[in-house]
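**Q** One structure follows; several queries about it will come next.
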Amino acid sequence: MTIDINKIRHDFLILSEKIYGKSLVYFDNAATSQTPTQVTDVMLEYYNKYNSNIHRGVHYLSNKSTEGAENARIKVQKFINAEHSHEVIFTRGTTESVNLVANSFGECYISEGDEVLVSEMEHHSNIVPWQMLCQRKKAILKVLPFNDNGELMLEKLPELITDRTKILAVNHISNALGTTNPIKEIIDFAHSKNVPVLIDAAQSVQHKKIDVQALDADFLVFSGHKLYGPTGIGVLYGKEKYLNEMPPWQGGGEMIQEVTFEKTTYNELPFKFEAGTPNYIAEIGLGAAIDYVEAIGLDVIDAYEQELLDYATEKFQAIPNMKIYGTAKHKSSLISFLVEGIHFYDMGMLLDQMGIAVRTGTHCAEPVMTHFGIEGTVRASFAFYNTKEEIDVLIAGIEKVCKMFGAKTV
Ligand code: PLP
């Protein structure tokens, strides 16, 4: 099966928008991907026909909303091949999922002198919650470095994992470099030392088929808005054995079983971790996004996006004074770059004037920038609705900016 690009692009209305009178070229997919009408239509239908708070009602509307939200949980379960649907917890996004684990797992399993291991290429969302936990518990945050190609130095794992290591948190795909990390190998090694692993899949669920059971991941987190779904919704997958032992981290709403002023008992999974009214219409939207992606097929998506990456990389390499940050052997469809003598903000702002949306700055991964001794990069990230013609527009745009700055171009 191949991508029917014209049909797909019709599903994303925003792709036909004009920016400053020019056709939009959207290459900021790693920050937020666009949403097809198949997702927005379902959400609108729920708002217009079935909206009512879930779990607490006996009436028709509440039951319809509850059914929609719980079906969405099952879709997520199947999407990542979790053993049980109650191992899927809905959160606001990747960041909240990591915070949940850092707080709750941290409360349960981490004491003074223990160690938490993260990698040097993490998004701040997979650094700061652990750092806060370590400060609170007087634990130690250790860092697995990467080499100048942007590949994790796995040979350092044996010395970094000690008998005080309580958890390893690492991304599947780096949002700043595009590196696809060998997470199965990392998980297997950590498990051989009895260390559980949290996988930040914020940049991978939209590109690669994930099977949490085959990976044997202990926790896996991602966001809806990078998976062609709505904003404000995300997932924490956790193995039942950990989630059962972990205490709730927020109180109120559906997370209780019984409340008295003396004592509260907590609900069972997954509700123990879902305090307050959940973003149930976004949950339903996420379910629709999963349906959309699965109808195309992640293998098909991945192959097409790799084609875009190869095409773009070759064109980028032909631009004089171009430096690509992140040249790992296994890479996802994004290119982080700088042209010598041109500040990333100038490049980003001038491309914007041409209707081309790219991201500039640290990409919330300051340690990656520190590694290379730079303040930021320009990042172009590709999705399955992008085309080689759009990449040509980007390349022409970069060359135009180079000429404006007097940089030598082809
Ligand atoms: N982790 C990675 C690898 C990311 O790329 C991002 C967002 O860019 C996040 C975590 C945070 O995601 P969110 O802002 O949706 O919580």
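Following the order of the structure tokens, first chain is A, next is B, and so on, with residues numbered from 1 inside each chain and ligands from 1 in the order they appear.
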Would you pick out the contacts of A:Gln206 at 9 Å or less, using only C-alpha atoms, so that residues sharing its chain but fewer than 5 positions from it are not included, and give the list as a PyMOL selection string?
**A** chain A and resi 201+226-228+293+298+301-302+383
**Q** So that I have them on file, write out the residues from the current selection with all heavy atoms, as an mmCIF file, in the first residue's frame.
**A**
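Ended up saving to selection-v8.cif:
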```
data_model
loop_
_atom_site.group_PDB
_atom_site.id
_atom_site.type_symbol
_atom_site.label_atom_id
_atom_site.label_comp_id
_atom_site.auth_asym_id
_atom_site.auth_seq_id
_atom_site.Cartn_x
_atom_site.Cartn_y
_atom_site.Cartn_z
ATOM 1 N N ALA A 201 7.649 8.365 24.285
ATOM 2 C CA ALA A 201 7.318 8.048 22.886
ATOM 3 C C ALA A 201 6.620 9.221 22.201
ATOM 4 O O ALA A 201 5.952 9.040 21.173
ATOM 5 C CB ALA A 201 6.452 6.797 22.834
ATOM 6 N N LYS A 226 0.527 15.339 18.886
ATOM 7 C CA LYS A 226 1.604 15.020 17.932
ATOM 8 C C LYS A 226 1.230 13.789 17.105
ATOM 9 O O LYS A 226 1.978 13.336 16.254
ATOM 10 C CB LYS A 226 2.909 14.750 18.690
ATOM 11 C CG LYS A 226 3.446 15.975 19.446
ATOM 12 C CD LYS A 226 4.720 15.632 20.164
ATOM 13 C CE LYS A 226 5.083 16.613 21.248
ATOM 14 N NZ LYS A 226 5.592 17.897 20.748
ATOM 15 N N LEU A 227 0.063 13.248 17.392
ATOM 16 C CA LEU A 227 -0.427 12.028 16.725
ATOM 17 C C LEU A 227 -1.700 12.358 15.943
ATOM 18 O O LEU A 227 -2.626 11.579 15.863
ATOM 19 C CB LEU A 227 -0.680 10.950 17.799
ATOM 20 C CG LEU A 227 -1.220 9.588 17.427
ATOM 21 C CD1 LEU A 227 -0.304 8.856 16.457
ATOM 22 C CD2 LEU A 227 -1.470 8.733 18.666
ATOM 23 N N TYR A 228 -1.764 13.601 15.424
ATOM 24 C CA TYR A 228 -2.893 14.023 14.589
ATOM 25 C C TYR A 228 -4.193 14.087 15.385
ATOM 26 O O TYR A 228 -5.273 14.111 14.813
ATOM 27 C CB TYR A 228 -3.023 13.105 13.343
ATOM 28 C CG TYR A 228 -1.674 12.918 12.690
ATOM 29 C CD1 TYR A 228 -0.931 11.751 12.881
ATOM 30 C CD2 TYR A 228 -1.097 13.963 11.966
ATOM 31 C CE1 TYR A 228 0.346 11.619 12.348
ATOM 32 C CE2 TYR A 228 0.178 13.834 11.440
ATOM 33 C CZ TYR A 228 0.883 12.662 11.628
ATOM 34 O OH TYR A 228 2.145 12.534 11.119
ATOM 35 N N VAL A 293 -4.812 6.983 11.642
ATOM 36 C CA VAL A 293 -3.435 6.572 11.379
ATOM 37 C C VAL A 293 -3.381 5.080 11.037
ATOM 38 O O VAL A 293 -2.661 4.664 10.121
ATOM 39 C CB VAL A 293 -2.575 6.895 12.632
ATOM 40 C CG1 VAL A 293 -1.264 6.149 12.606
ATOM 41 C CG2 VAL A 293 -2.328 8.394 12.730
ATOM 42 N N LEU A 298 0.938 2.345 9.954
ATOM 43 C CA LEU A 298 2.183 2.979 10.410
ATOM 44 C C LEU A 298 3.388 2.549 9.582
ATOM 45 O O LEU A 298 4.330 3.322 9.409
ATOM 46 C CB LEU A 298 2.403 2.707 11.901
ATOM 47 C CG LEU A 298 1.697 3.743 12.780
ATOM 48 C CD1 LEU A 298 1.515 3.253 14.189
ATOM 49 C CD2 LEU A 298 2.415 5.085 12.772
ATOM 50 N N ILE A 301 3.259 4.770 6.593
ATOM 51 C CA ILE A 301 3.626 6.131 7.013
ATOM 52 C C ILE A 301 5.133 6.230 7.210
ATOM 53 O O ILE A 301 5.789 7.140 6.691
ATOM 54 C CB ILE A 301 2.870 6.494 8.321
ATOM 55 C CG1 ILE A 301 1.384 6.731 8.017
ATOM 56 C CG2 ILE A 301 3.494 7.707 9.004
ATOM 57 C CD1 ILE A 301 0.522 6.963 9.242
ATOM 58 N N ASP A 302 5.697 5.280 7.936
ATOM 59 C CA ASP A 302 7.127 5.305 8.249
ATOM 60 C C ASP A 302 7.961 5.256 6.965
ATOM 61 O O ASP A 302 8.910 6.034 6.799
ATOM 62 C CB ASP A 302 7.465 4.109 9.163
ATOM 63 C CG ASP A 302 8.834 4.243 9.805
ATOM 64 O OD1 ASP A 302 9.321 5.393 9.921
ATOM 65 O OD2 ASP A 302 9.426 3.219 10.178
ATOM 66 N N ALA A 383 5.768 15.199 8.078
ATOM 67 C CA ALA A 383 4.697 14.237 8.350
ATOM 68 C C ALA A 383 4.279 13.583 7.038
ATOM 69 O O ALA A 383 4.714 14.003 5.962
ATOM 70 C CB ALA A 383 3.503 14.937 8.976
#
```
**Q** List as a PyMOL selection string the protein and nucleic acid residues near A:Gln38, meaning an atom at most 10 Å away when only C-alpha atoms are counted, but skip any in the same chain fewer than 5 places from it.
**A** chain A and resi 11-12+43+229+285+288-289+291-292
**Q** Given the selection you just returned, output its residues as a file containing C-alpha atoms, formatted as a PDB file, in the first residue's frame.
**A**
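result.pdb was written with the following content:
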```pdb
ATOM      1  CA  ASP A  11      -8.492  15.567   5.111  1.00  0.00           C
ATOM      2  CA  PHE A  12      -6.334  18.311   6.664  1.00  0.00           C
ATOM      3  CA  MET A  43     -15.366  15.742  18.480  1.00  0.00           C
ATOM      4  CA  GLY A 229      -5.247  14.201  17.561  1.00  0.00           C
ATOM      5  CA  GLY A 285     -10.726  12.586  19.431  1.00  0.00           C
ATOM      6  CA  ALA A 288     -10.425   8.825  16.128  1.00  0.00           C
ATOM      7  CA  ALA A 289      -6.837   9.911  15.382  1.00  0.00           C
ATOM      8  CA  ASP A 291      -8.301   5.015  13.734  1.00  0.00           C
ATOM      9  CA  TYR A 292      -7.110   7.470  11.070  1.00  0.00           C
TER      10      TYR A 292
END
```
**Q** Based on DSSP run over this structure's backbone, return all residues of stretch 172-410 of chain A in strand (DSSP E), as a PyMOL selection string.
**A** chain A and resi 197-200+219-223+234-238+256-259+264-266+322-325+334-339+356-357+359-361+377-381
**Q** Go ahead and save the picked residues with C-alpha atoms, as an mmCIF file, in the first residue's frame.
**A**
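Produced file again_28.cif, reproduced below:
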```cif
data_model
loop_
_atom_site.group_PDB
_atom_site.id
_atom_site.type_symbol
_atom_site.label_atom_id
_atom_site.label_comp_id
_atom_site.auth_asym_id
_atom_site.auth_seq_id
_atom_site.Cartn_x
_atom_site.Cartn_y
_atom_site.Cartn_z
ATOM 1 C CA VAL A 197 12.303 1.840 32.070
ATOM 2 C CA LEU A 198 10.069 4.730 31.047
ATOM 3 C CA ILE A 199 9.950 5.385 27.308
ATOM 4 C CA ASP A 200 9.101 8.895 26.121
ATOM 5 C CA PHE A 219 6.028 2.915 31.315
ATOM 6 C CA LEU A 220 5.402 4.609 27.985
ATOM 7 C CA VAL A 221 4.132 8.151 27.494
ATOM 8 C CA PHE A 222 2.884 10.211 24.547
ATOM 9 C CA SER A 223 0.707 13.183 23.517
ATOM 10 C CA GLY A 234 -2.041 12.300 26.415
ATOM 11 C CA VAL A 235 -1.368 8.809 27.617
ATOM 12 C CA LEU A 236 0.539 7.111 30.351
ATOM 13 C CA TYR A 237 0.904 3.389 29.834
ATOM 14 C CA GLY A 238 2.190 1.583 32.918
ATOM 15 C CA ILE A 256 -12.021 7.812 45.036
ATOM 16 C CA GLN A 257 -13.942 4.780 46.251
ATOM 17 C CA GLU A 258 -15.178 6.151 49.575
ATOM 18 C CA VAL A 259 -14.556 9.446 51.354
ATOM 19 C CA THR A 264 -10.401 8.056 51.789
ATOM 20 C CA THR A 265 -10.105 4.820 49.872
ATOM 21 C CA TYR A 266 -9.080 4.941 46.247
ATOM 22 C CA MET A 322 24.952 23.930 6.092
ATOM 23 C CA LYS A 323 25.412 21.914 9.261
ATOM 24 C CA ILE A 324 22.913 19.227 10.195
ATOM 25 C CA TYR A 325 22.722 18.401 13.907
ATOM 26 C CA LEU A 334 13.256 15.705 11.003
ATOM 27 C CA ILE A 335 16.283 17.823 10.234
ATOM 28 C CA SER A 336 17.833 20.176 12.795
ATOM 29 C CA PHE A 337 20.217 22.600 11.100
ATOM 30 C CA LEU A 338 22.141 25.853 11.039
ATOM 31 C CA VAL A 339 23.665 27.736 8.142
ATOM 32 C CA ILE A 356 7.044 27.961 5.508
ATOM 33 C CA ALA A 357 6.539 26.989 9.164
ATOM 34 C CA ARG A 359 10.631 25.667 14.546
ATOM 35 C CA THR A 360 13.588 27.589 15.916
ATOM 36 C CA GLY A 361 15.396 27.588 19.261
ATOM 37 C CA THR A 377 18.811 25.290 15.609
ATOM 38 C CA VAL A 378 16.179 25.492 12.916
ATOM 39 C CA ARG A 379 14.107 22.327 12.774
ATOM 40 C CA ALA A 380 12.077 21.064 9.827
ATOM 41 C CA SER A 381 9.972 18.038 10.728
#
```
**Q** From the DSSP assignment of the backbone, select every residue of stretch 94-271 of chain A that is helix (DSSP H, G or I), and format the answer as a PyMOL selection string.
**A** chain A and resi 94-109+124-126+128-137+154-160+183-192+212-215+224-226+240-245+253-255+271
**Q** Neighbours of ligand 1 within 8 Å, counting only C-alpha atoms and all ligand atoms, as a ChimeraX atom specification?
**A** /A:30-32,92-97,122-126,171-176,200-203,222-226,231-232,234,363-364
**Q** Take the residues that were just selected and, keeping C-alpha atoms, output them as a compact mmCIF listing (two decimals), in the first residue's frame.
**A**
```
# COMPACT_ATOMS: atom_id res chain seq x y z
CA ALA A 30 7.30 17.50 15.72
CA ALA A 31 5.87 20.35 17.81
CA THR A 32 2.23 19.75 16.87
CA ARG A 92 -3.01 16.10 29.58
CA GLY A 93 0.03 14.98 27.59
CA THR A 94 3.54 13.57 27.71
CA THR A 95 4.69 16.14 30.25
CA GLU A 96 1.90 15.36 32.68
CA SER A 97 2.47 11.61 32.21
CA GLU A 122 15.87 14.25 26.60
CA HIS A 123 13.20 16.88 26.18
CA HIS A 124 12.97 19.05 29.31
CA SER A 125 9.73 17.21 30.10
CA ASN A 126 11.75 14.06 30.68
CA ASN A 171 13.10 8.90 24.62
CA HIS A 172 12.42 6.63 21.66
CA ILE A 173 13.03 9.40 19.15
CA SER A 174 14.79 12.67 19.95
CA ASN A 175 12.79 15.78 19.08
CA ALA A 176 15.97 17.84 18.70
CA ASP A 200 9.10 8.90 26.12
CA ALA A 201 7.32 8.05 22.89
CA ALA A 202 6.14 11.63 22.18
CA GLN A 203 8.06 11.59 18.88
CA PHE A 222 2.88 10.21 24.55
CA SER A 223 0.71 13.18 23.52
CA GLY A 224 -2.40 13.30 21.32
CA HIS A 225 -1.51 16.53 19.55
CA LYS A 226 1.60 15.02 17.93
CA THR A 231 -4.47 19.10 22.22
CA GLY A 232 -4.78 18.62 25.97
CA GLY A 234 -2.04 12.30 26.41
CA HIS A 363 13.34 22.68 21.09
CA CYS A 364 13.07 22.30 24.89
```
**Q** Show me, as a count of residues only, the residues that have an atom within 12 Å of stretch 81-85 of chain A when counting only C-alpha atoms, minus same-chain residues fewer than 3 positions from it.
**A** 36
**Q** Using atom CA of A:Ser119 and atom CA of A:Lys142 as the two end points, give the distance in Å to one decimal.
**A**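 Taking atom CA of A:Ser119 as the start and atom CA of A:Lys142 as the end point, the length is 8.1 Å.
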**Q** With only C-alpha atoms counted and 12 Å as the cut-off, give the residues of stretch 273-371 of chain A in contact with stretch 400-405 of chain A, each with its shortest interatomic distance in Å and the pair that gives it, as a Markdown table.
**A**
```
| residue | atom | partner | partner_atom | distance |
| --- | --- | --- | --- | --- |
| A:Ile319 | CA | A:Cys402 | CA | 9.3 |
| A:Pro320 | CA | A:Cys402 | CA | 9.3 |
| A:Asn321 | CA | A:Cys402 | CA | 9.4 |
| A:Met322 | CA | A:Cys402 | CA | 10.0 |
| A:Leu338 | CA | A:Cys402 | CA | 11.0 |
| A:Val339 | CA | A:Cys402 | CA | 7.9 |
| A:Glu340 | CA | A:Cys402 | CA | 9.3 |
| A:Gly341 | CA | A:Phe405 | CA | 8.0 |
| A:Ile342 | CA | A:Phe405 | CA | 7.1 |
| A:His343 | CA | A:Phe405 | CA | 10.1 |
| A:Phe344 | CA | A:Val401 | CA | 11.1 |
| A:Tyr345 | CA | A:Val401 | CA | 11.7 |
| A:Asp346 | CA | A:Val401 | CA | 8.6 |
| A:Met347 | CA | A:Val401 | CA | 6.7 |
| A:Gly348 | CA | A:Val401 | CA | 9.7 |
| A:Met349 | CA | A:Val401 | CA | 10.0 |
| A:Leu350 | CA | A:Val401 | CA | 6.9 |
| A:Leu351 | CA | A:Val401 | CA | 7.7 |
| A:Asp352 | CA | A:Val401 | CA | 11.1 |
| A:Gln353 | CA | A:Val401 | CA | 10.8 |
| A:Met354 | CA | A:Lys400 | CA | 10.1 |
```
